[in-house]
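> I am sharing protein-v8.csv, which consists of CSV, C-alpha atoms:
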chain,number,residue,atom,x,y,z
R,10,MET,CA,6.3,14.0,1.9
R,11,SER,CA,3.4,15.8,3.5
R,12,PRO,CA,2.0,14.6,6.8
R,13,ALA,CA,-1.2,13.4,5.1
R,14,ALA,CA,0.7,11.3,2.6
R,15,SER,CA,2.9,9.9,5.3
R,16,SER,CA,-0.2,8.7,7.2
R,17,VAL,CA,-1.4,7.0,4.1
R,18,ALA,CA,1.9,5.4,3.2
R,19,LYS,CA,2.4,3.7,6.6
R,20,SER,CA,-0.1,1.6,8.5
R,21,GLU,CA,1.2,2.6,11.9
R,22,PRO,CA,4.0,4.8,13.3
R,23,ALA,CA,6.1,1.7,14.1
R,24,ALA,CA,8.9,1.2,11.6
R,25,GLN,CA,8.4,-2.6,11.7
R,26,ASP,CA,5.1,-2.3,9.9
R,27,ALA,CA,6.4,0.2,7.3
R,28,ALA,CA,9.2,-1.9,6.0
R,29,LEU,CA,8.5,-5.7,5.9
R,30,PRO,CA,10.9,-8.1,4.1
R,31,LYS,CA,10.4,-7.9,0.3
R,32,GLU,CA,12.1,-11.1,-0.7
R,33,ASN,CA,10.2,-13.4,-3.1
R,34,GLY,CA,7.9,-10.5,-3.9
R,35,MET,CA,5.5,-11.2,-1.0
R,36,ILE,CA,5.5,-7.5,0.0
R,37,PRO,CA,5.5,-5.1,-3.0
R,38,ALA,CA,8.7,-3.0,-3.4
R,39,ASP,CA,7.2,-0.5,-5.9
R,40,GLU,CA,6.3,3.1,-5.4
R,41,GLU,CA,3.5,5.3,-6.7
R,42,THR,CA,3.1,9.1,-6.9
R,43,VAL,CA,-0.3,10.6,-5.9
R,44,GLY,CA,-0.8,14.3,-5.8
R,45,GLY,CA,3.0,14.8,-6.1
R,46,ASP,CA,3.8,12.7,-3.1
R,47,VAL,CA,5.5,9.3,-3.3
R,48,LEU,CA,3.6,6.6,-1.5
R,49,GLU,CA,5.3,3.4,-0.3
R,50,PRO,CA,3.4,0.1,0.0
R,51,ALA,CA,1.2,-0.3,3.0
R,52,ALA,CA,2.5,-3.5,4.6
R,53,VAL,CA,1.6,-4.9,8.0
R,54,THR,CA,2.8,-8.0,9.9
R,55,ARG,CA,0.9,-9.5,12.8
R,56,THR,CA,-0.2,-12.8,14.3
R,57,SER,CA,-3.8,-13.9,13.8
R,58,ALA,CA,-4.4,-13.6,17.6
R,59,GLU,CA,-3.5,-9.9,17.5
R,60,LEU,CA,-6.0,-9.2,14.7
R,61,LEU,CA,-8.8,-11.4,16.0
R,62,HIS,CA,-8.8,-9.9,19.5
R,63,ARG,CA,-7.9,-6.3,18.8
R,64,SER,CA,-8.9,-3.6,16.3
R,65,PRO,CA,-6.9,-3.9,13.1
R,66,PRO,CA,-4.5,-1.2,11.9
R,67,GLN,CA,-6.4,1.6,10.1
R,68,VAL,CA,-4.9,0.7,6.7
R,69,LEU,CA,-6.5,-2.7,6.8
R,70,SER,CA,-9.9,-1.2,7.4
R,71,THR,CA,-9.7,1.7,5.0
R,72,ARG,CA,-8.0,0.4,1.8
R,73,PRO,CA,-10.5,-1.5,-0.3
R,74,ILE,CA,-8.1,-4.3,-1.5
R,75,ARG,CA,-6.2,-6.3,1.1
R,76,PHE,CA,-3.8,-9.2,0.3
R,77,VAL,CA,-3.4,-11.7,3.1
R,78,LEU,CA,-0.3,-13.9,3.0
R,79,GLY,CA,1.3,-16.4,5.4
R,80,PRO,CA,2.1,-20.1,6.0
R,81,LYS,CA,-0.5,-22.8,6.1
R,82,GLY,CA,-2.5,-22.8,9.4
R,83,VAL,CA,-1.5,-19.3,10.4
R,84,GLY,CA,-5.1,-18.0,10.5
R,85,LYS,CA,-5.5,-16.2,7.1
R,86,SER,CA,-9.1,-17.2,6.5
R,87,SER,CA,-10.2,-16.3,10.1
R,88,VAL,CA,-8.5,-12.9,9.9
R,89,ALA,CA,-10.0,-12.2,6.4
R,90,ALA,CA,-13.5,-13.0,7.7
R,91,ARG,CA,-12.9,-10.6,10.6
R,92,LEU,CA,-11.8,-7.8,8.3
R,93,LEU,CA,-14.8,-8.1,6.1
R,94,GLY,CA,-17.6,-9.0,8.5
R,95,LYS,CA,-20.3,-11.7,8.4
R,96,ASP,CA,-22.1,-10.5,5.3
R,97,ALA,CA,-19.2,-11.0,2.9
R,98,ILE,CA,-19.5,-13.3,-0.2
R,99,VAL,CA,-16.9,-16.0,0.5
R,100,VAL,CA,-15.4,-18.1,-2.4
R,101,SER,CA,-12.7,-20.6,-1.7
R,102,GLY,CA,-11.0,-23.9,-2.7
R,103,GLU,CA,-12.3,-25.8,-5.7
R,104,GLY,CA,-15.3,-23.5,-6.1
R,105,LEU,CA,-13.0,-20.5,-6.5
R,106,ARG,CA,-10.7,-22.3,-9.0
R,107,SER,CA,-13.7,-23.4,-11.1
R,108,ALA,CA,-15.1,-19.8,-11.0
R,109,LEU,CA,-11.8,-18.3,-12.1
R,110,THR,CA,-11.5,-20.8,-15.0
R,111,ARG,CA,-15.1,-20.1,-16.2
R,112,ALA,CA,-14.6,-16.3,-15.9
R,113,ALA,CA,-11.5,-16.5,-18.1
R,114,ARG,CA,-13.3,-18.6,-20.6
R,115,TYR,CA,-16.6,-16.7,-20.8
R,116,LYS,CA,-15.4,-13.2,-19.8
R,117,LYS,CA,-18.1,-13.0,-17.1
R,118,TRP,CA,-18.0,-13.2,-13.3
R,119,PRO,CA,-20.5,-15.0,-11.1
R,120,GLU,CA,-23.5,-12.9,-9.9
R,121,GLY,CA,-22.5,-10.6,-7.1
R,122,TRP,CA,-18.8,-10.6,-7.5
R,123,GLU,CA,-18.5,-7.2,-9.2
R,124,ALA,CA,-20.9,-5.3,-6.9
R,125,ALA,CA,-20.9,-7.1,-3.5
R,126,PRO,CA,-20.0,-4.7,-0.7
R,127,ALA,CA,-17.6,-7.3,0.7
R,128,LEU,CA,-15.9,-10.2,-1.2
R,129,LEU,CA,-13.4,-12.8,0.1
R,130,LEU,CA,-11.4,-14.8,-2.3
R,131,ASP,CA,-9.7,-17.5,-0.2
R,132,GLU,CA,-6.9,-19.9,-1.2
R,133,VAL,CA,-5.8,-18.1,-4.3
R,134,ASP,CA,-2.7,-19.8,-5.8
R,135,CYS,CA,-1.4,-21.4,-9.0
R,136,LEU,CA,-1.7,-18.3,-11.1
R,137,HIS,CA,1.6,-18.6,-12.8
R,138,GLY,CA,1.2,-19.0,-16.6
R,139,ARG,CA,-2.6,-18.4,-16.4
R,140,PHE,CA,-2.7,-15.1,-18.4
R,141,GLY,CA,-6.5,-15.2,-18.9
R,142,VAL,CA,-7.3,-15.7,-15.2
R,143,LEU,CA,-4.8,-13.1,-14.2
R,144,GLN,CA,-6.1,-10.6,-16.6
R,145,MET,CA,-9.8,-11.1,-15.5
R,146,LEU,CA,-9.0,-11.2,-11.8
R,147,GLY,CA,-6.8,-8.1,-12.1
R,148,ARG,CA,-9.6,-6.2,-13.8
R,149,LEU,CA,-12.1,-7.3,-11.2
R,150,LEU,CA,-9.9,-6.1,-8.3
R,151,ASP,CA,-9.2,-2.8,-10.1
R,152,GLN,CA,-12.9,-2.2,-10.6
R,153,ARG,CA,-13.8,-3.0,-7.0
R,154,ALA,CA,-11.0,-0.9,-5.7
R,155,ARG,CA,-12.1,2.2,-7.7
R,156,ASN,CA,-15.6,1.6,-6.5
R,157,ASN,CA,-14.3,1.4,-2.9
R,158,LEU,CA,-15.7,-2.1,-2.4
R,159,ALA,CA,-14.0,-4.2,0.3
R,160,THR,CA,-12.1,-7.2,-1.1
R,161,VAL,CA,-9.7,-9.6,0.6
R,162,ILE,CA,-7.5,-12.0,-1.3
R,163,CYS,CA,-5.9,-14.8,0.7
R,164,GLN,CA,-2.8,-16.8,-0.4
R,165,GLY,CA,-3.3,-20.5,-1.1
R,166,SER,CA,-1.0,-23.1,0.2
R,167,ALA,CA,0.6,-24.0,-3.2
R,168,ASP,CA,2.5,-20.7,-3.8
R,169,THR,CA,2.6,-17.0,-3.4
R,170,SER,CA,1.4,-16.2,-7.0
R,171,ILE,CA,-1.3,-13.9,-5.7
R,172,THR,CA,1.5,-11.3,-5.6
R,173,LEU,CA,1.2,-11.2,-9.4
R,174,LEU,CA,-2.0,-9.3,-8.8
R,175,TYR,CA,-0.3,-6.4,-7.0
R,176,GLU,CA,0.2,-4.4,-10.2
R,177,SER,CA,-3.6,-4.6,-11.0
R,178,VAL,CA,-4.5,-2.3,-8.2
R,179,PRO,CA,-3.3,1.3,-7.6
R,180,LEU,CA,-0.9,1.3,-4.7
R,181,HIS,CA,-2.9,3.8,-2.6
R,182,LEU,CA,-5.9,1.5,-2.8
R,183,ARG,CA,-4.3,-1.8,-1.5
R,184,ALA,CA,-2.6,-3.1,1.5
R,185,SER,CA,-0.6,-6.3,2.3
R,186,LEU,CA,-0.9,-8.3,5.5
R,187,LEU,CA,1.8,-10.9,6.3
R,188,LEU,CA,0.6,-13.2,9.0
R,189,ARG,CA,3.2,-15.0,11.1
R,190,PHE,CA,3.2,-17.4,14.0
R,191,PRO,CA,4.1,-15.9,17.5
R,192,VAL,CA,7.6,-16.2,18.8
R,193,GLY,CA,9.1,-16.2,22.3
R,194,ARG,CA,6.6,-15.1,25.0
R,195,GLY,CA,3.9,-15.0,22.4
R,196,ARG,CA,4.2,-18.8,21.9
R,197,ARG,CA,4.2,-19.4,25.7
R,198,SER,CA,1.1,-17.2,26.1
R,199,TYR,CA,-0.8,-19.1,23.4
R,200,VAL,CA,0.1,-22.5,24.8
R,201,LYS,CA,-0.8,-21.3,28.3
R,202,ALA,CA,-4.2,-20.1,27.2
R,203,ARG,CA,-4.9,-23.4,25.3
R,204,CYS,CA,-3.8,-25.4,28.4
R,205,GLU,CA,-6.2,-23.4,30.5
R,206,ALA,CA,-9.0,-23.9,28.1
R,207,ARG,CA,-8.5,-27.6,28.0
R,208,SER,CA,-7.7,-28.1,31.7
R,209,ILE,CA,-4.2,-29.3,31.1
R,210,ASP,CA,-1.4,-28.9,33.7
R,211,MET,CA,0.7,-25.8,33.2
R,212,ALA,CA,3.8,-27.9,33.5
R,213,HIS,CA,3.4,-28.7,29.8
R,214,VAL,CA,3.5,-25.0,28.7
R,215,LYS,CA,7.3,-24.9,28.3
R,216,LYS,CA,7.5,-28.0,26.0
R,217,GLY,CA,4.5,-26.8,24.0
R,218,ALA,CA,6.2,-23.5,23.4
R,219,ALA,CA,9.4,-25.2,22.3
R,220,LEU,CA,7.8,-27.4,19.6
R,221,GLU,CA,9.6,-27.4,16.3
R,222,PRO,CA,8.3,-26.7,13.7
R,223,TRP,CA,5.9,-24.6,15.7
R,224,SER,CA,2.3,-24.0,14.6
R,225,TYR,CA,-1.1,-23.7,16.1
R,226,ALA,CA,-2.0,-27.1,14.7
R,227,ALA,CA,1.2,-28.6,16.2
R,228,VAL,CA,0.2,-27.3,19.7
R,229,GLU,CA,-3.2,-28.8,19.4
R,230,SER,CA,-1.8,-32.1,18.4
R,231,TYR,CA,0.6,-32.0,21.3
R,232,LEU,CA,-2.2,-31.2,23.8
R,233,ASP,CA,-4.4,-34.0,22.2
R,234,SER,CA,-1.6,-36.5,22.9
R,235,LEU,CA,-1.4,-35.4,26.5
R,236,GLN,CA,-5.1,-35.8,27.0
R,237,VAL,CA,-5.0,-39.3,25.4
R,238,VAL,CA,-2.2,-40.3,27.8
R,239,ALA,CA,-4.1,-38.9,30.8
R,240,GLN,CA,-7.3,-40.7,29.9
R,241,ALA,CA,-5.4,-44.0,29.4
R,242,ALA,CA,-3.8,-43.6,32.8
R,243,ALA,CA,-7.2,-42.9,34.5
R,244,GLU,CA,-8.7,-46.1,33.1
Would you encode the structure as structure tokens?

Amino acid sequence: MSPAASSVAKSEPAAQDAALPKENGMIPADEETVGGDVLEPAAVTRTSAELLHRSPPQVLSTRPIRFVLGPKGVGKSSVAARLLGKDAIVVSGEGLRSALTRAARYKKWPEGWEAAPALLLDEVDCLHGRFGVLQMLGRLLDQRARNNLATVICQGSADTSITLLYESVPLHLRASLLLRFPVGRGRRSYVKARCEARSIDMAHVKKGAALEPWSYAAVESYLDSLQVVAQAAAE
């Protein structure tokens, strides 16, 4: 593989970003040949805090189609908005589901979807068995990719069926981002920062970092309970 192809195939020199787990199809395991060179999928794993407060890996800024996956509450919508900027068209939830159904029925997309410089499709799920929707959405992504129009597709909470769209977009035009919650010192750092922001005693950092199951929402709920107890004691 040539140096140029290698830089396209991997998002960063670190091996952990070049070879993410491929179980359940969340990260594509296919290959594609461009100009005689074999390209591997561009796959990146990060926490939302890393991407919200630092510059994203180059592959997430240069490839037009970006799939964002991860558990509920991990920060997919916030990261997607950061990647696209404030002027993106954002469609999510029930509005997105209704638009997809109408597009499959009438073979036409809502105004702006095909030509918008930046488009965010949030909470995409339940695509299994919906051939018409998959076909239309796949064509839209392929068209936007070939026109170099930035598009982010975020996984919904119901399933990981957005991975069915991988085959619609040429490999060298797409990237996958798997968001995860922090672990170890990353959890402690997050809880410490939240305690500082909410003027809560640092003695509670250790317990907040040890919550199971751990999530950003679980930490906020734990800190809420501490403040309720402190307010009650002060009355």
> With distances taken over only C-alpha atoms, which of R:Pro73, R:Pro80, R:Pro126, R:Pro179 is nearest to R:Gln164?
R:Pro80
> Rounded to one decimal, what separation in Å do you get between atom CA of R:Ala90 and atom CA of R:Ala218?
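Between atom CA of R:Ala90 and atom CA of R:Ala218 the gap works out to 27.3 Å.
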> To one decimal in Å, tell me the separation between atom CA of R:Cys135 and atom CA of R:Ser166.
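The value is 9.4 Å.
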> Using all atoms listed in the file, which residue out of R:Leu60, R:Cys204, R:Leu186, R:Ala108 lies closest to R:Met145?
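Closest to R:Met145 of all the choices is R:Ala108.
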> Looking at R:His181, R:Lys117, R:Arg75, R:Arg203, which one is nearest to R:Asp233, with distances taken over only C-alpha atoms?
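Checking each candidate against R:Asp233, we get R:Arg203 as the closest.
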> Take the point (2.5, -28.7, 19.5) in the file's coordinates, draw a sphere of radius 10 Å around it, and report as a list of chain:residue names every protein, DNA or RNA residue with an atom inside or on it, counting only C-alpha atoms.
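Applying the cut-off with only C-alpha atoms, one gets R:Val200, R:Val214, R:Lys216, R:Gly217, R:Ala218, R:Ala219, R:Leu220, R:Glu221, R:Pro222, R:Trp223, R:Ser224, R:Tyr225, R:Ala226, R:Ala227, R:Val228, R:Glu229, R:Ser230, R:Tyr231, R:Leu232, R:Asp233, R:Ser234.
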> With C-alpha atoms kept, could you save the residues just selected as a compact mmCIF listing (two decimals), keeping the file's coordinate frame?

# COMPACT_ATOMS: atom_id res chain seq x y z
CA VAL R 200 0.10 -22.50 24.80
CA VAL R 214 3.50 -25.00 28.70
CA LYS R 216 7.50 -28.00 26.00
CA GLY R 217 4.50 -26.80 24.00
CA ALA R 218 6.20 -23.50 23.40
CA ALA R 219 9.40 -25.20 22.30
CA LEU R 220 7.80 -27.40 19.60
CA GLU R 221 9.60 -27.40 16.30
CA PRO R 222 8.30 -26.70 13.70
CA TRP R 223 5.90 -24.60 15.70
CA SER R 224 2.30 -24.00 14.60
CA TYR R 225 -1.10 -23.70 16.10
CA ALA R 226 -2.00 -27.10 14.70
CA ALA R 227 1.20 -28.60 16.20
CA VAL R 228 0.20 -27.30 19.70
CA GLU R 229 -3.20 -28.80 19.40
CA SER R 230 -1.80 -32.10 18.40
CA TYR R 231 0.60 -32.00 21.30
CA LEU R 232 -2.20 -31.20 23.80
CA ASP R 233 -4.40 -34.00 22.20
CA SER R 234 -1.60 -36.50 22.90
> Quote the spacing between atom CA of R:Tyr175 and atom CA of R:Arg189 in Å to one decimal place.
20.3 Å
> Kindly indicate which residue among R:Ala242, R:Gly193, R:Ala212, R:Phe76 lies nearest to R:Leu173, using only C-alpha atoms for the distances.
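Between R:Ala242, R:Gly193, R:Ala212, R:Phe76, the residue approaching R:Leu173 most closely is R:Phe76.
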> Using only C-alpha atoms, can you tell me which of R:Gly165, R:Gly141, R:Gly94, R:Gly84 comes closest to R:Leu109?
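Of the candidates, the smallest distance to R:Leu109 is held by R:Gly141.
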> Which residue is closest to R:Cys163? Choose from R:Arg63, R:Lys85, R:Lys116, R:Arg139 and count all atoms listed in the file.
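Distance minimum relative to R:Cys163 lands on R:Lys85.
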> Need the shell around stretch 149-153 of chain R: protein/DNA/RNA residues with any atom at most 10 Å away, counting all atoms listed in the file. Skip same-chain ones fewer than 5 positions apart. Format as a PyMOL selection string?
chain R and resi 73-74+118+122-128+143-144+158-162+174-179+182-183
> Take stretch 201-225 of chain R, model N, CA and C atoms, and hand the result over as a JSON list (two decimals), in the frame of the given file.

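The new file selection_28.json reads:
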[["chain", "number", "residue", "atom", "x", "y", "z"],
["R", 201, "LYS", "N", -0.18, -21.47, 27.00],
["R", 201, "LYS", "CA", -0.80, -21.30, 28.30],
["R", 201, "LYS", "C", -2.29, -21.20, 28.23],
["R", 202, "ALA", "N", -2.75, -20.35, 27.32],
["R", 202, "ALA", "CA", -4.20, -20.10, 27.20],
["R", 202, "ALA", "C", -4.89, -21.40, 26.70],
["R", 203, "ARG", "N", -4.25, -22.16, 25.81],
["R", 203, "ARG", "CA", -4.90, -23.40, 25.30],
["R", 203, "ARG", "C", -4.87, -24.46, 26.42],
["R", 204, "CYS", "N", -3.83, -24.49, 27.26],
["R", 204, "CYS", "CA", -3.80, -25.40, 28.40],
["R", 204, "CYS", "C", -4.93, -25.10, 29.38],
["R", 205, "GLU", "N", -5.11, -23.83, 29.63],
["R", 205, "GLU", "CA", -6.20, -23.40, 30.50],
["R", 205, "GLU", "C", -7.54, -23.80, 29.97],
["R", 206, "ALA", "N", -7.73, -23.57, 28.68],
["R", 206, "ALA", "CA", -9.00, -23.90, 28.10],
["R", 206, "ALA", "C", -9.31, -25.36, 28.06],
["R", 207, "ARG", "N", -8.26, -26.18, 28.02],
["R", 207, "ARG", "CA", -8.50, -27.60, 28.00],
["R", 207, "ARG", "C", -8.16, -28.33, 29.28],
["R", 208, "SER", "N", -8.00, -27.54, 30.35],
["R", 208, "SER", "CA", -7.70, -28.10, 31.70],
["R", 208, "SER", "C", -6.54, -29.00, 31.73],
["R", 209, "ILE", "N", -5.45, -28.56, 31.12],
["R", 209, "ILE", "CA", -4.20, -29.30, 31.10],
["R", 209, "ILE", "C", -3.19, -28.64, 31.98],
["R", 210, "ASP", "N", -2.40, -29.45, 32.70],
["R", 210, "ASP", "CA", -1.40, -28.90, 33.70],
["R", 210, "ASP", "C", -0.47, -27.95, 33.00],
["R", 211, "MET", "N", -0.23, -26.82, 33.70],
["R", 211, "MET", "CA", 0.70, -25.80, 33.20],
["R", 211, "MET", "C", 2.10, -26.22, 33.05],
["R", 212, "ALA", "N", 2.43, -27.37, 33.63],
["R", 212, "ALA", "CA", 3.80, -27.90, 33.50],
["R", 212, "ALA", "C", 4.17, -28.20, 32.07],
["R", 213, "HIS", "N", 3.17, -28.31, 31.22],
["R", 213, "HIS", "CA", 3.40, -28.70, 29.80],
["R", 213, "HIS", "C", 3.58, -27.44, 28.91],
["R", 214, "VAL", "N", 3.44, -26.25, 29.47],
["R", 214, "VAL", "CA", 3.50, -25.00, 28.70],
["R", 214, "VAL", "C", 4.89, -24.87, 28.01],
["R", 215, "LYS", "N", 5.95, -25.09, 28.77],
["R", 215, "LYS", "CA", 7.30, -24.90, 28.30],
["R", 215, "LYS", "C", 7.58, -25.77, 27.06],
["R", 216, "LYS", "N", 7.22, -27.05, 27.16],
["R", 216, "LYS", "CA", 7.50, -28.00, 26.00],
["R", 216, "LYS", "C", 6.63, -27.59, 24.83],
["R", 217, "GLY", "N", 5.38, -27.20, 25.08],
["R", 217, "GLY", "CA", 4.50, -26.80, 24.00],
["R", 217, "GLY", "C", 5.03, -25.59, 23.24],
["R", 218, "ALA", "N", 5.65, -24.67, 23.98],
["R", 218, "ALA", "CA", 6.20, -23.50, 23.40],
["R", 218, "ALA", "C", 7.47, -23.76, 22.58],
["R", 219, "ALA", "N", 8.13, -24.87, 22.92],
["R", 219, "ALA", "CA", 9.40, -25.20, 22.30],
["R", 219, "ALA", "C", 9.27, -26.17, 21.11],
["R", 220, "LEU", "N", 8.05, -26.53, 20.75],
["R", 220, "LEU", "CA", 7.80, -27.40, 19.60],
["R", 220, "LEU", "C", 8.47, -26.88, 18.35],
["R", 221, "GLU", "N", 9.08, -27.76, 17.55],
["R", 221, "GLU", "CA", 9.60, -27.40, 16.30],
["R", 221, "GLU", "C", 9.32, -28.42, 15.22],
["R", 222, "PRO", "N", 8.79, -28.07, 14.07],
["R", 222, "PRO", "CA", 8.30, -26.70, 13.70],
["R", 222, "PRO", "C", 7.08, -26.36, 14.52],
["R", 223, "TRP", "N", 6.96, -25.09, 14.88],
["R", 223, "TRP", "CA", 5.90, -24.60, 15.70],
["R", 223, "TRP", "C", 4.71, -24.12, 14.86],
["R", 224, "SER", "N", 3.51, -24.51, 15.23],
["R", 224, "SER", "CA", 2.30, -24.00, 14.60],
["R", 224, "SER", "C", 1.16, -24.17, 15.55],
["R", 225, "TYR", "N", 0.03, -23.52, 15.27],
["R", 225, "TYR", "CA", -1.10, -23.70, 16.10],
["R", 225, "TYR", "C", -1.60, -25.16, 16.07]]
